[in-house]
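Here is the structure we will look at.
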Amino acid sequence: MGIGERIKLARKWSRMSQEALSQQVQVSKMAISKYERNLDTPSSSVLLHLSSALNVPVEFFFRPPFIEINLKTFRKHATLKVKDQLAIEAQVQEWLERYLEIEGLMEDNKGVPLLPNYPVKDIEDIEEAALKLRKEWNLGSDAIENLMELLEDKGIKVGLVENFEKFDACTFVFDGDKIIVTRKGLEGDRQRFNLAHELGHLVLLISGDINEEKSANRFAGAFLVPAITARRELGEKRTNLDVSELYLLKHKYGLSMQAWIYRARDLAIIDQTTFNQLFRQFSVQGWRKNEPGKPIQHETPRRIDRLIYRAISEEYISRSRAEELLGAKLDKAWG
């Protein structure tokens, strides 16, 4: 990847047309096109203008080549524009390049355990798969304290995408690495469900006419709250669920109140009539989008940060290089 591809990557990330970029840099649209196709090389002054317009350091254009990705599937709203999808792809690519570079520098990508796979032919297979994975990872049946850290500990790279309100998450594999990307700034319960949903896509081997998205949703609920745990908390049969009860369970297990209602229905703890009544209540109260009470704090991936601070400590990289790889200013981890 040369300077041209870097310029194009940053332009996509910034959701700018060649025309818009040319106006900010004060060169012609044709010049931008030539730069991106490596038919011409921008001067030092133009590179400085490009750096400012695209909000990337000049060093970005000279970063060693690593990868080119093409994301096939997104969990998104139907109105997510193609331009935004390309920008998300560019942002993910830039993050993953930095991640792989620091990982390679520290030689810290070896010995990662393989993710198991579970064949799924019916719904009960999904419940069983979630239980098997929890057993494989020695999780027991209690709440998972920090799902993002758990996934990173199991060798899954987790990244965050920002400034895209209509994007939820995506999963892909690059050179054998399992990668999950979700939107930054989501409330913790929604973020955790997204992560568990994408984990489902990685471990479930679905056959037949079972809907993959519904299967991943079912896996997410079963992984975060196993059936035995749900029945222990709710009982075997219920005629109703109290909103305050759901709120307390949400904060204990990091699963939204509405996801708890789905879990209760899926396990036949409540019937369809009760399910419908509860969701009507949430709709009338305006709780479908914003559930009542204090939100759950979101989680943050930390592995790349730890690798970078380790590299600084061992004097593999300078602080300025560390900030470039981190994609942010260095600060105290507790600041």
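So you can find residues: chains in the structure tokens are A, B, ... in the order shown, residues in each start at 1, and ligands are numbered from 1 in order.
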
Please identify all polymer residues within 12 Å of region 232-246 of chain A, counting only C-alpha atoms, omitting same-chain residues fewer than 2 positions from it, and present them as a short mmCIF file (atom, residue, chain, number, x, y, z; two decimals) with N, CA, C and O atoms, in the first residue's frame.
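Here's the written file result-v3.cif:
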data_model
loop_
_atom_site.label_atom_id
_atom_site.label_comp_id
_atom_site.auth_asym_id
_atom_site.auth_seq_id
_atom_site.Cartn_x
_atom_site.Cartn_y
_atom_site.Cartn_z
N SER A 141 -22.17 -20.51 35.88
CA SER A 141 -23.49 -20.05 35.43
C SER A 141 -23.81 -18.64 35.93
O SER A 141 -24.93 -18.16 35.76
N ASP A 142 -22.83 -17.98 36.53
CA ASP A 142 -23.08 -16.65 37.07
C ASP A 142 -22.83 -15.57 36.02
O ASP A 142 -22.44 -15.85 34.89
N ALA A 143 -23.02 -14.31 36.43
CA ALA A 143 -22.85 -13.19 35.52
C ALA A 143 -21.41 -13.07 35.04
O ALA A 143 -20.47 -13.37 35.78
N VAL A 225 -27.03 -15.21 29.99
CA VAL A 225 -27.87 -15.73 31.09
C VAL A 225 -28.30 -17.15 30.73
O VAL A 225 -29.30 -17.35 30.04
N PRO A 226 -27.56 -18.17 31.17
CA PRO A 226 -27.94 -19.56 30.88
C PRO A 226 -29.33 -19.88 31.41
O PRO A 226 -29.82 -19.23 32.34
N ALA A 227 -29.95 -20.88 30.82
CA ALA A 227 -31.31 -21.25 31.20
C ALA A 227 -31.43 -21.53 32.70
O ALA A 227 -32.39 -21.10 33.36
N ILE A 228 -30.46 -22.24 33.26
CA ILE A 228 -30.52 -22.58 34.69
C ILE A 228 -30.49 -21.32 35.54
O ILE A 228 -31.15 -21.24 36.58
N THR A 229 -29.75 -20.32 35.08
CA THR A 229 -29.65 -19.06 35.82
C THR A 229 -30.94 -18.27 35.69
O THR A 229 -31.43 -17.70 36.68
N ALA A 230 -31.50 -18.22 34.50
CA ALA A 230 -32.76 -17.51 34.29
C ALA A 230 -33.87 -18.10 35.16
O ALA A 230 -34.65 -17.36 35.78
N LEU A 248 -33.27 -4.64 38.21
CA LEU A 248 -32.24 -5.20 39.07
C LEU A 248 -31.48 -6.33 38.37
O LEU A 248 -30.25 -6.46 38.49
N LEU A 249 -32.20 -7.16 37.62
CA LEU A 249 -31.55 -8.24 36.88
C LEU A 249 -30.66 -7.69 35.77
O LEU A 249 -29.58 -8.24 35.49
N LYS A 250 -31.11 -6.63 35.14
CA LYS A 250 -30.31 -5.97 34.10
C LYS A 250 -28.94 -5.58 34.65
O LYS A 250 -27.90 -5.82 34.03
N HIS A 251 -28.94 -5.00 35.84
CA HIS A 251 -27.69 -4.51 36.42
C HIS A 251 -26.86 -5.64 37.04
O HIS A 251 -25.65 -5.48 37.20
N LYS A 252 -27.47 -6.75 37.33
CA LYS A 252 -26.71 -7.88 37.85
C LYS A 252 -26.00 -8.63 36.73
O LYS A 252 -24.86 -9.07 36.88
N TYR A 253 -26.68 -8.78 35.59
CA TYR A 253 -26.16 -9.63 34.52
C TYR A 253 -25.72 -8.87 33.27
O TYR A 253 -25.18 -9.48 32.34
N GLY A 254 -25.96 -7.57 33.22
CA GLY A 254 -25.57 -6.80 32.04
C GLY A 254 -26.39 -7.15 30.82
O GLY A 254 -25.91 -7.05 29.68
N LEU A 255 -27.63 -7.56 31.03
CA LEU A 255 -28.55 -7.90 29.95
C LEU A 255 -29.76 -6.99 30.08
O LEU A 255 -30.32 -6.86 31.17
N SER A 256 -30.17 -6.36 29.00
CA SER A 256 -31.23 -5.36 29.06
C SER A 256 -32.54 -5.95 29.60
O SER A 256 -32.78 -7.16 29.55
N MET A 257 -33.39 -5.06 30.09
CA MET A 257 -34.70 -5.47 30.59
C MET A 257 -35.51 -6.17 29.50
O MET A 257 -36.16 -7.19 29.74
N GLN A 258 -35.45 -5.61 28.29
CA GLN A 258 -36.21 -6.21 27.19
C GLN A 258 -35.63 -7.56 26.78
O GLN A 258 -36.39 -8.48 26.42
N ALA A 259 -34.31 -7.69 26.84
CA ALA A 259 -33.70 -8.99 26.53
C ALA A 259 -34.08 -10.02 27.59
O ALA A 259 -34.24 -11.21 27.28
N TRP A 260 -34.27 -9.59 28.84
CA TRP A 260 -34.75 -10.50 29.88
C TRP A 260 -36.17 -10.98 29.57
O TRP A 260 -36.51 -12.15 29.81
N ILE A 261 -36.99 -10.10 29.04
CA ILE A 261 -38.36 -10.50 28.66
C ILE A 261 -38.30 -11.55 27.56
O ILE A 261 -39.01 -12.57 27.59
N TYR A 262 -37.45 -11.31 26.57
CA TYR A 262 -37.28 -12.30 25.50
C TYR A 262 -36.78 -13.63 26.07
O TYR A 262 -37.25 -14.71 25.67
N ARG A 263 -35.83 -13.53 27.00
CA ARG A 263 -35.26 -14.76 27.58
C ARG A 263 -36.34 -15.55 28.31
O ARG A 263 -36.41 -16.79 28.20
N ALA A 264 -37.19 -14.84 29.05
CA ALA A 264 -38.27 -15.51 29.77
C ALA A 264 -39.26 -16.16 28.80
O ALA A 264 -39.74 -17.28 29.05
N ARG A 265 -39.56 -15.49 27.71
CA ARG A 265 -40.47 -16.07 26.71
C ARG A 265 -39.83 -17.28 26.02
O ARG A 265 -40.48 -18.33 25.84
N LEU A 267 -37.70 -19.34 27.12
CA LEU A 267 -37.60 -20.49 28.03
C LEU A 267 -38.96 -20.92 28.58
O LEU A 267 -39.02 -21.74 29.49
N ALA A 268 -40.03 -20.34 28.03
CA ALA A 268 -41.41 -20.68 28.42
C ALA A 268 -41.68 -20.37 29.89
O ALA A 268 -42.55 -20.98 30.51
N ILE A 269 -40.94 -19.42 30.44
CA ILE A 269 -41.23 -18.97 31.81
C ILE A 269 -42.47 -18.08 31.80
O ILE A 269 -43.29 -18.11 32.71
N ILE A 270 -42.62 -17.27 30.75
CA ILE A 270 -43.86 -16.52 30.51
C ILE A 270 -44.41 -16.95 29.15
O ILE A 270 -43.66 -17.44 28.30
N ASP A 271 -45.72 -16.75 28.97
CA ASP A 271 -46.32 -17.12 27.68
C ASP A 271 -46.30 -15.90 26.74
O ASP A 271 -45.92 -14.79 27.12
N GLN A 272 -46.77 -16.14 25.51
CA GLN A 272 -46.74 -15.08 24.50
C GLN A 272 -47.63 -13.91 24.87
O GLN A 272 -47.29 -12.75 24.60
N THR A 273 -48.73 -14.18 25.53
CA THR A 273 -49.64 -13.10 25.94
C THR A 273 -48.95 -12.16 26.92
O THR A 273 -49.01 -10.94 26.79
N THR A 274 -48.28 -12.73 27.92
CA THR A 274 -47.56 -11.91 28.90
C THR A 274 -46.43 -11.15 28.22
O THR A 274 -46.18 -9.97 28.52
N PHE A 275 -45.74 -11.81 27.33
CA PHE A 275 -44.67 -11.17 26.55
C PHE A 275 -45.20 -9.94 25.83
O PHE A 275 -44.61 -8.84 25.90
N ASN A 276 -46.33 -10.10 25.14
CA ASN A 276 -46.92 -8.98 24.40
C ASN A 276 -47.35 -7.85 25.33
O ASN A 276 -47.16 -6.66 25.03
N GLN A 277 -47.92 -8.20 26.47
CA GLN A 277 -48.36 -7.19 27.44
C GLN A 277 -47.18 -6.38 27.97
O GLN A 277 -47.27 -5.16 28.11
N LEU A 278 -46.10 -7.06 28.26
CA LEU A 278 -44.92 -6.37 28.77
C LEU A 278 -44.34 -5.40 27.73
O LEU A 278 -43.96 -4.26 28.06
N PHE A 279 -44.31 -5.82 26.49
CA PHE A 279 -43.76 -4.93 25.47
C PHE A 279 -44.71 -3.78 25.15
O PHE A 279 -44.25 -2.69 24.80
N GLN A 281 -46.43 -2.35 27.47
CA GLN A 281 -46.12 -1.45 28.59
C GLN A 281 -44.86 -0.63 28.30
O GLN A 281 -44.82 0.59 28.52
N PHE A 282 -43.82 -1.30 27.77
CA PHE A 282 -42.59 -0.59 27.45
C PHE A 282 -42.82 0.44 26.34
O PHE A 282 -42.24 1.54 26.37
N GLN A 285 -44.75 3.52 27.77
CA GLN A 285 -43.90 4.32 28.65
C GLN A 285 -42.70 4.94 27.93
O GLN A 285 -41.96 5.72 28.53
N TRP A 287 -40.11 3.23 26.74
CA TRP A 287 -38.92 2.54 27.23
C TRP A 287 -38.27 1.62 26.21
O TRP A 287 -37.25 0.99 26.52
N GLU A 291 -34.40 2.49 28.22
CA GLU A 291 -35.00 1.84 29.37
C GLU A 291 -34.88 2.72 30.62
O GLU A 291 -33.95 3.53 30.72
N PRO A 292 -35.80 2.55 31.57
CA PRO A 292 -35.79 3.43 32.75
C PRO A 292 -34.61 3.15 33.67
O PRO A 292 -34.04 2.06 33.69
N GLY A 293 -34.25 4.18 34.45
CA GLY A 293 -33.21 4.01 35.45
C GLY A 293 -31.81 4.27 34.92
O GLY A 293 -31.61 4.68 33.77
N LYS A 294 -30.86 4.02 35.76
CA LYS A 294 -29.45 4.26 35.45
C LYS A 294 -28.94 3.28 34.39
O LYS A 294 -29.14 2.08 34.50
#

Problem set entry | Within 9 Å of Tyr99 (chain A) using only C-alpha atoms, minus same-chain residues under 2 positions, as a list in words | Glu94, Trp95, Leu96, Glu97, Glu101, Ile102, Glu103, Gly104, Lys157, Ile304, Leu325 and Leu326 of chain A

Problem set entry | Distance query region 115-130 of chain A at most 9 Å, only C-alpha atoms, self and fewer than 6 positions along chain excluded, as a VMD selection string | chain A and resid 136 154 to 156 178 200 202 to 210 215 to 216 218 to 224 226 to 227

Problem set entry | Option closest in space to Gln91 (chain A), from A:Ser283, A:Gln18, A:Asn163, A:Ser44 [counting only C-alpha atoms] |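 Among the listed residues, the smallest separation from Gln91 (chain A) belongs to A:Asn163.
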
For this session: May I ask for the distance between CA of Asn290 (chain A) and CA of Phe164 (chain A), given in Å to one decimal place?
Result: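 Pair CA of Asn290 (chain A) / CA of Phe164 (chain A) returns 18.4 Å.
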
Exercise. Could you name the residues that touch Pro301 (chain A) at 12 Å or less, counting only C-alpha atoms, but leaving out those on the same chain fewer than 5 positions away, as a PyMOL selection string?
Worked result: chain A and resi 99+146-153+156-161+180-182+184+191+195+306-307

Env of Ala322 (chain A): 8 Å cut, atoms = only C-alpha atoms, seq-sep filter 6 positions within chain, self excluded. Answer as a short mmCIF file (atom, residue, chain, number, x, y, z; two decimals) with N, CA and C atoms, in the first residue's frame.
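Wrote result_17.cif, looks like this:
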data_model
loop_
_atom_site.label_atom_id
_atom_site.label_comp_id
_atom_site.auth_asym_id
_atom_site.auth_seq_id
_atom_site.Cartn_x
_atom_site.Cartn_y
_atom_site.Cartn_z
N ILE A 308 0.96 -1.54 23.95
CA ILE A 308 1.68 -0.30 23.66
C ILE A 308 2.46 0.18 24.87
N TYR A 309 1.85 0.15 26.05
CA TYR A 309 2.58 0.57 27.25
C TYR A 309 3.74 -0.38 27.55
N ILE A 312 6.55 0.63 25.23
CA ILE A 312 7.23 1.84 25.73
C ILE A 312 8.18 1.47 26.87
N LEU A 330 -1.15 9.71 24.69
CA LEU A 330 -0.87 8.86 25.85
C LEU A 330 -1.32 9.55 27.12
#

For this session: Could you please write out, as a VMD selection string, every residue of region 13-259 of chain A that DSSP assigns to helix (DSSP H, G or I)?
Result: chain A and resid 13 18 to 25 29 to 36 44 to 54 58 to 62 82 to 106 123 to 136 147 to 153 188 to 203 212 to 224 227 to 234 243 to 253 257 to 259

Problem set entry | Proximity to Leu48 (chain A) - best of A:Ala20, A:Ile7, A:Leu86, A:Ala31, only C-alpha atoms |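 Closest residue, counting only C-alpha atoms: A:Ile7.
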
For this session: Name all residues at most 12 Å from Ser51 (chain A) (count only C-alpha atoms; drop same-chain ones fewer than 3 positions away) and give them as a PyMOL selection string.
Result: chain A and resi 3+6-7+10-11+14+21+24-25+42+44-48+54-62

Problem set entry | region 144-294 of chain A: residues DSSP assigns to strand (DSSP E), reported as a PyMOL selection string | chain A and resi 157-161+167-174+177-183+204-206
